[in-house]
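Trainee: First the structure, which I've put down as structure tokens, then a few questions once you've had a look.
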Amino acid sequence: MAGTGQTGMGKLVIQTTTAREALPVVGATVTVSQTGQEAGVPPTLLHSVSTDRSGRTPVFDLPAPPRAASMQPGGDKPYARYTVQVEHPDFQPVSIVDVTIFDGVVSTLPVFLVPRAEQAGRASTVEVIPPPPVE
């Protein structure tokens, strides 16, 4: 599950709301997978839970490289990458790739869901690719 050198631990919580942040999305299925480290290697499923009445997941503990990795110039990347997928029968599915997790940091990932009725005729997954972290 954890790659070599991932002796640290970061934390992640996902907050799901409607697209305009008006309401929490209760009962969304959230999966967290570790991104394959090599080309062609599928992600490894780590967590699969439903959001609570506030639209939140429990706090996930996720392996990450130790904080000291960021103190050495030219050293390994000081973060681990994960993929988060959110699905709910009433909303368009969302896939977020390259979610970065750092040792000792609690991160909250907001996920805004769009009702399926607004996306009539489109059944594809919304994929969010954040910009790469500053190295």
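Quick note on naming: the chains in the structure tokens go A, B, ... in the order shown, residues restart at 1 in each chain, and ligands are numbered from 1 in order of appearance.
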Extract the full set of helix (DSSP H, G or I) residues from segment 41-92 of chain A according to DSSP on the backbone, and format it as number ranges by chain.
Mentor: A: 67-71
Trainee: Set out as JSON lines a contact list for segment 48-96 of chain A and segment 8-29 of chain A with a cut-off of 6 Å, giving each residue of segment 48-96 of chain A that qualifies its closest atom pair and distance in Å to one decimal, counting only C-alpha atoms, ordered by chain and rising residue number.
Mentor:
```
{"residue": "A:Val49", "atom": "CA", "partner": "A:Thr29", "partner_atom": "CA", "distance": 5.7}
{"residue": "A:Ser50", "atom": "CA", "partner": "A:Thr29", "partner_atom": "CA", "distance": 4.5}
{"residue": "A:Thr51", "atom": "CA", "partner": "A:Gly27", "partner_atom": "CA", "distance": 4.9}
{"residue": "A:Asp52", "atom": "CA", "partner": "A:Val26", "partner_atom": "CA", "distance": 5.5}
{"residue": "A:Arg53", "atom": "CA", "partner": "A:Val26", "partner_atom": "CA", "distance": 5.0}
{"residue": "A:Ser54", "atom": "CA", "partner": "A:Pro24", "partner_atom": "CA", "distance": 5.5}
{"residue": "A:Gly55", "atom": "CA", "partner": "A:Pro24", "partner_atom": "CA", "distance": 4.5}
{"residue": "A:Arg56", "atom": "CA", "partner": "A:Gln15", "partner_atom": "CA", "distance": 4.5}
{"residue": "A:Thr57", "atom": "CA", "partner": "A:Ile14", "partner_atom": "CA", "distance": 5.5}
{"residue": "A:Val59", "atom": "CA", "partner": "A:Val13", "partner_atom": "CA", "distance": 4.8}
{"residue": "A:Phe60", "atom": "CA", "partner": "A:Leu12", "partner_atom": "CA", "distance": 5.1}
{"residue": "A:Asp61", "atom": "CA", "partner": "A:Lys11", "partner_atom": "CA", "distance": 4.7}
{"residue": "A:Leu62", "atom": "CA", "partner": "A:Gly10", "partner_atom": "CA", "distance": 5.3}
{"residue": "A:Pro63", "atom": "CA", "partner": "A:Met9", "partner_atom": "CA", "distance": 4.7}
{"residue": "A:Ala64", "atom": "CA", "partner": "A:Gly8", "partner_atom": "CA", "distance": 4.9}
{"residue": "A:Pro65", "atom": "CA", "partner": "A:Gly8", "partner_atom": "CA", "distance": 5.2}
{"residue": "A:Pro66", "atom": "CA", "partner": "A:Gly8", "partner_atom": "CA", "distance": 4.3}
{"residue": "A:Val86", "atom": "CA", "partner": "A:Thr29", "partner_atom": "CA", "distance": 5.6}
{"residue": "A:Glu87", "atom": "CA", "partner": "A:Thr29", "partner_atom": "CA", "distance": 5.2}
{"residue": "A:His88", "atom": "CA", "partner": "A:Ala28", "partner_atom": "CA", "distance": 4.7}
```
Trainee: With distances taken over only C-alpha atoms, which residue among A:Thr7, A:Thr44, A:Gln34, A:Thr83 lies nearest Asp103 of chain A?
Mentor: A:Thr7
Trainee: Take atom CA of Arg67 of chain A and atom CA of Phe102 of chain A and report the distance between them in Å, one decimal.
Mentor: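 So the answer is 7.3 Å.
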Trainee: How many Å separate atom CA of Phe91 of chain A from atom CA of Val30 of chain A?
Mentor: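 These atoms are spaced 12.9 Å apart.
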Trainee: Using only C-alpha atoms, which of the listed residues (A:Thr100, A:Arg116, A:Ala68, A:His47) sits closest to Tyr82 of chain A?
Mentor: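 Between A:Thr100, A:Arg116, A:Ala68, A:His47, the residue approaching Tyr82 of chain A most closely is A:Thr100.
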Trainee: So the first atom is atom CA of Leu45 of chain A and the second is atom CA of Thr31 of chain A; what is the distance between them in Å, to one decimal place?
Mentor: 7.3 Å
Trainee: From the set A:Ser48, A:Pro115, A:Pro43, A:Thr35, which residue has the shortest atom-to-atom contact distance to Ile101 of chain A, counting only C-alpha atoms?
Mentor: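 Once distances to Ile101 of chain A are computed over only C-alpha atoms, the minimum belongs to A:Thr35.
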Trainee: When you count only C-alpha atoms, which of these residues is closest to Val114 of chain A: A:Ile96, A:Ser33, A:Pro89, A:Pro73?
Mentor: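 Using only C-alpha atoms, Val114 of chain A sits closest to A:Pro89.
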Trainee: Find, counting only C-alpha atoms, the residue in A:Val97, A:Leu46, A:Leu113, A:Val105 that gets nearest to Pro78 of chain A.
Mentor: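 Of the candidates, the smallest distance to Pro78 of chain A is held by A:Val105.
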